[in-house]
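J.: Sending over a structure as structure tokens; questions will come in a sec.
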Amino acid sequence: MTRALVLTSSILDGNSLALAEHFQARAVEQGGLEVTTRDLIADDLPHLALPELSSWQVPAEERTAEQRELATRSNALIEELLAHDVLVLAVPLYNLGIPSQMKAWFDRVMRAGETFRYTEKGPQGLVEGKRAVILAARGGQYAGTELDSQTPHLKSMLGLMGIREVDVVFAEGLAMGEAPRKAALQEARKAIDGLIQRLV
Ligand SMILES: Cc1cc2nc3c(=O)[nH]c(=O)nc-3n(C[C@H](O)[C@H](O)[C@H](O)COP(=O)(O)O)c2cc1C
């Protein structure tokens, strides 16, 4: 059974949520793909700050009670990531970037010594054998242009951890009228259907 972890991050009743739901529904229909969903908006992870960062840098057996508590958050998210085969990021474009809630998730799973390490040749990913799918929902149209700094950023973060097989499904022009919105979502659903067949 292939295991997929779907992360949602829409502050709206969003288009990216609709794509994540479609992914999950198709996975159930098709079988062979078990889906866990995490709503990063409901999780409401705080910005990463020094006390939490420092807690990771102390060896586990030397942490204070407070540091143990602080480290739990990142430990649990990394454990969850490692327990799945496919990471699905349902990502709205907010002010040309990813939602800050999703950045807070990356800030906790991109941990030196755990998911990547620094070497003489640069960083080396430690997360092996996983792939990712980005479900990108946007009001405008940016794919393939300089203004799409979001998907390269996501790919760089995933790549640093060793996740280099990344598929992107774009749903663009969602704020450009009802007909283009429906057409874009329909196209994206079709792309998801094709992807799911390859993932199982
Ligand atoms: C705070 C905010 C910022 C946004 N910024 C952009 C933007 O920079 N470019 C764009 O094309 N659309 C932008 N949009 C529109 C969203 O990308 C669009 O509503 C998309 O459907 C968001 O995904 P969601 O519906 O899953 O939340 C923004 C929407 C919000 C709420």
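Ordering of the structure tokens sets the chain letters (A, B, ...), residue numbers begin anew at 1 in every chain, and ligands are numbered from 1 in the order given.
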List as a count of residues only the protein and nucleic acid residues near region 30-36 of chain A, meaning an atom at most 12 Å away when only C-alpha atoms are counted, but skip any in the same chain fewer than 6 places from it.

T.: 29

J.: Collect all residues with atoms no farther than 9 Å from ligand 1, counting only C-alpha atoms and all ligand atoms, and output them as number ranges by chain.

T.: A: 8-19, 90-97, 99, 136-142, 171-175, 181

J.: Would you put the residues from that selection into a file with N, CA, C and O atoms, as a compact mmCIF listing (two decimals), in the first residue's frame?

T.:
```
# COMPACT_ATOMS: atom_id res chain seq x y z
N THR A 8 -2.82 20.50 3.56
CA THR A 8 -3.62 21.60 3.01
C THR A 8 -3.26 22.89 3.75
O THR A 8 -2.83 22.86 4.91
N SER A 9 -3.45 24.02 3.06
CA SER A 9 -2.98 25.28 3.65
C SER A 9 -3.78 26.48 3.16
O SER A 9 -3.24 27.58 3.05
N SER A 10 -5.08 26.27 2.88
CA SER A 10 -5.91 27.38 2.40
C SER A 10 -6.63 28.07 3.55
O SER A 10 -7.26 27.41 4.37
N ILE A 11 -6.52 29.40 3.58
CA ILE A 11 -7.27 30.14 4.61
C ILE A 11 -8.70 30.42 4.12
O ILE A 11 -9.52 30.92 4.87
N LEU A 12 -8.96 30.11 2.86
CA LEU A 12 -10.30 30.29 2.29
C LEU A 12 -10.98 28.92 2.29
O LEU A 12 -10.39 27.92 2.67
N ASP A 13 -12.23 28.91 1.83
CA ASP A 13 -12.86 27.61 1.61
C ASP A 13 -12.40 27.20 0.22
O ASP A 13 -13.16 27.21 -0.73
N GLY A 14 -11.15 26.83 0.10
CA GLY A 14 -10.37 27.09 -1.09
C GLY A 14 -10.37 26.12 -2.24
O GLY A 14 -10.74 24.95 -2.14
N ASN A 15 -9.89 26.65 -3.36
CA ASN A 15 -9.70 25.85 -4.57
C ASN A 15 -8.68 24.74 -4.35
O ASN A 15 -8.84 23.62 -4.85
N SER A 16 -7.63 25.05 -3.61
CA SER A 16 -6.62 24.01 -3.37
C SER A 16 -7.20 22.89 -2.50
O SER A 16 -6.80 21.73 -2.61
N LEU A 17 -8.16 23.25 -1.63
CA LEU A 17 -8.81 22.22 -0.82
C LEU A 17 -9.64 21.30 -1.72
O LEU A 17 -9.68 20.08 -1.52
N ALA A 18 -10.30 21.91 -2.69
CA ALA A 18 -11.10 21.10 -3.63
C ALA A 18 -10.20 20.12 -4.36
O ALA A 18 -10.57 18.96 -4.57
N LEU A 19 -8.99 20.56 -4.72
CA LEU A 19 -8.06 19.66 -5.42
C LEU A 19 -7.57 18.56 -4.48
O LEU A 19 -7.46 17.39 -4.88
N ALA A 90 -1.03 20.82 -1.09
CA ALA A 90 -2.12 21.60 -1.69
C ALA A 90 -1.84 23.05 -1.33
O ALA A 90 -2.00 23.46 -0.17
N VAL A 91 -1.39 23.83 -2.31
CA VAL A 91 -0.80 25.14 -2.01
C VAL A 91 -1.49 26.29 -2.75
O VAL A 91 -1.38 26.40 -3.98
N PRO A 92 -2.15 27.16 -2.02
CA PRO A 92 -2.63 28.40 -2.64
C PRO A 92 -1.45 29.34 -2.89
O PRO A 92 -0.42 29.25 -2.20
N LEU A 93 -1.59 30.23 -3.87
CA LEU A 93 -0.59 31.28 -4.03
C LEU A 93 -1.10 32.51 -3.27
O LEU A 93 -2.14 33.06 -3.61
N TYR A 94 -0.40 32.88 -2.23
CA TYR A 94 -0.76 34.08 -1.47
C TYR A 94 0.39 35.08 -1.58
O TYR A 94 1.52 34.78 -1.15
N ASN A 95 0.11 36.22 -2.15
CA ASN A 95 1.13 37.26 -2.32
C ASN A 95 2.43 36.69 -2.89
O ASN A 95 3.52 36.89 -2.36
N LEU A 96 2.23 35.95 -3.96
CA LEU A 96 3.32 35.36 -4.75
C LEU A 96 4.16 34.33 -3.98
O LEU A 96 5.25 33.95 -4.43
N GLY A 97 3.66 33.88 -2.86
CA GLY A 97 4.44 32.90 -2.10
C GLY A 97 3.56 31.80 -1.54
O GLY A 97 2.38 31.69 -1.88
N PRO A 99 1.61 29.93 1.69
CA PRO A 99 1.03 30.39 2.95
C PRO A 99 2.06 30.26 4.08
O PRO A 99 2.83 29.30 4.11
N ALA A 136 -1.12 23.33 -7.14
CA ALA A 136 -0.92 24.78 -7.02
C ALA A 136 -2.14 25.55 -7.53
O ALA A 136 -2.47 25.48 -8.71
N ALA A 137 -2.81 26.26 -6.61
CA ALA A 137 -4.00 27.03 -6.97
C ALA A 137 -3.67 28.52 -6.97
O ALA A 137 -3.13 29.05 -5.99
N ARG A 138 -3.98 29.19 -8.07
CA ARG A 138 -3.63 30.60 -8.20
C ARG A 138 -4.77 31.42 -8.80
O ARG A 138 -5.43 30.97 -9.73
N GLY A 139 -4.88 32.66 -8.35
CA GLY A 139 -5.83 33.58 -8.94
C GLY A 139 -5.45 33.97 -10.35
O GLY A 139 -6.28 34.06 -11.25
N GLY A 140 -4.16 34.21 -10.58
CA GLY A 140 -3.66 34.64 -11.88
C GLY A 140 -2.95 33.50 -12.60
O GLY A 140 -3.07 32.33 -12.21
N GLN A 141 -2.19 33.87 -13.64
CA GLN A 141 -1.48 32.86 -14.43
C GLN A 141 0.01 33.17 -14.44
O GLN A 141 0.43 34.22 -14.95
N TYR A 142 0.78 32.28 -13.88
CA TYR A 142 2.21 32.54 -13.73
C TYR A 142 3.10 31.37 -14.13
O TYR A 142 4.32 31.53 -14.21
N ALA A 171 -3.58 24.84 -11.14
CA ALA A 171 -4.93 25.35 -11.43
C ALA A 171 -4.78 26.86 -11.38
O ALA A 171 -4.68 27.45 -10.30
N GLU A 172 -4.73 27.47 -12.56
CA GLU A 172 -4.43 28.90 -12.62
C GLU A 172 -5.59 29.70 -13.20
O GLU A 172 -6.51 29.15 -13.81
N GLY A 173 -5.53 31.00 -13.00
CA GLY A 173 -6.57 31.89 -13.52
C GLY A 173 -7.88 31.74 -12.76
O GLY A 173 -8.95 31.98 -13.29
N LEU A 174 -7.77 31.35 -11.49
CA LEU A 174 -8.98 31.04 -10.71
C LEU A 174 -9.76 32.30 -10.31
O LEU A 174 -10.92 32.22 -9.92
N ALA A 175 -9.09 33.47 -10.43
CA ALA A 175 -9.79 34.72 -10.12
C ALA A 175 -10.10 35.50 -11.40
O ALA A 175 -10.34 36.70 -11.37
N ARG A 181 -12.29 29.64 -14.25
CA ARG A 181 -12.04 28.95 -12.98
C ARG A 181 -12.48 27.48 -13.08
O ARG A 181 -11.74 26.56 -12.76
```

J.: Could you please determine the separation between CA of Arg189 (chain A) and CA of Val127 (chain A) in Å, to one decimal place?

T.: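 Going from CA of Arg189 (chain A) over to CA of Val127 (chain A) covers 28.3 Å.
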
J.: Among region 13-145 of chain A, which residues carry a DSSP assignment of helix (DSSP H, G or I), reported as number ranges by chain?

T.: A: 15-30, 40-43, 50-57, 60-62, 65-82, 100-109

J.: Could you go through region 53-101 of chain A and tell me which residues DSSP, when run on the backbone, assigns to strand (DSSP E), listing them as an MDAnalysis selection string?

T.: chainID A and resid 86:92

J.: Extract, using only C-alpha atoms, all DNA, RNA and protein residues at most 9 Å from Ala71 (chain A), discarding same-chain residues fewer than 4 positions from it, and format them as a ChimeraX atom specification.

T.: /A:52-56,60,66-67,75-76

J.: Quote the spacing between CA of Ile134 (chain A) and CA of Glu146 (chain A) in Å to one decimal place.

T.: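 One can read the CA of Ile134 (chain A) to CA of Glu146 (chain A) distance as 18.1 Å.
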
J.: Nearest to Val133 (chain A): which of A:Ile192, A:Ala179, A:Ile78, A:Ala112 is it, counting only C-alpha atoms?

T.: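 Of all the options, A:Ile192 lies closest to Val133 (chain A).
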
J.: Could you give me, as JSON lines, a per-residue list for region 58-104 of chain A showing, wherever an atom lies at most 7 Å from an atom of region 38-49 of chain A, the closest pair of atoms and their distance in Å to one decimal, using only C-alpha atoms and sorting by chain then residue number from low to high?

T.:
```
{"residue": "A:Gln101", "atom": "CA", "partner": "A:Leu40", "partner_atom": "CA", "distance": 6.0}
{"residue": "A:Met102", "atom": "CA", "partner": "A:Leu40", "partner_atom": "CA", "distance": 6.5}
{"residue": "A:Ala104", "atom": "CA", "partner": "A:His47", "partner_atom": "CA", "distance": 5.8}
```

J.: May I ask which of the residues A:Ser74, A:Gln186, A:Ser156, A:Thr64 is the closest one to Glu114 (chain A), counting only C-alpha atoms?

T.: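 For Glu114 (chain A), the nearest of the candidates is A:Ser74.
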
J.: For the atom pair CA of Tyr118 (chain A) and CA of Leu77 (chain A), what is the interatomic distance in Å to one decimal place?

T.: 20.9 Å

J.: Using only C-alpha atoms, which of the listed residues (A:Thr119, A:Met157, A:Glu29, A:Thr145) sits closest to Asp107 (chain A)?

T.: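 So, comparing all the options, the nearest one is A:Met157.
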
J.: Using only C-alpha atoms, which of A:Arg108, A:Arg26, A:Ile163, A:Met176 sits nearest Lys190 (chain A)?

T.: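 Among the listed residues, the smallest separation from Lys190 (chain A) belongs to A:Arg26.
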
J.: What lies within 9 Å of Leu160 (chain A) using only C-alpha atoms, ignoring chain neighbours under 3 positions off, as a list in words?

T.: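 Here the qualifying residues turn out to be Met110, Thr115, Phe116, Pro123, Gln124, Gly125, Leu126, Lys155, Ser156, Met157, Ile163 and Arg164 of chain A.
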
J.: Those same residues - C-alpha atoms - I'd like them written as a PDB file, in the first residue's frame.

T.:
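The result, stored in out10.pdb:
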```pdb
ATOM      1  CA  MET A 110      13.934  20.856   7.271  1.00  0.00           C
ATOM      2  CA  THR A 115      16.238  15.386   7.074  1.00  0.00           C
ATOM      3  CA  PHE A 116      19.442  16.781   5.549  1.00  0.00           C
ATOM      4  CA  PRO A 123      23.796  20.025   1.877  1.00  0.00           C
ATOM      5  CA  GLN A 124      22.810  16.400   1.384  1.00  0.00           C
ATOM      6  CA  GLY A 125      19.215  15.176   1.611  1.00  0.00           C
ATOM      7  CA  LEU A 126      18.487  12.353   4.040  1.00  0.00           C
ATOM      8  CA  LYS A 155      11.115  22.246  -5.205  1.00  0.00           C
ATOM      9  CA  SER A 156      14.293  23.677  -3.647  1.00  0.00           C
ATOM     10  CA  MET A 157      13.080  22.955  -0.127  1.00  0.00           C
ATOM     11  CA  ILE A 163      12.808  14.659  -2.432  1.00  0.00           C
ATOM     12  CA  ARG A 164      13.587  15.260  -6.086  1.00  0.00           C
TER      13      ARG A 164
END
```
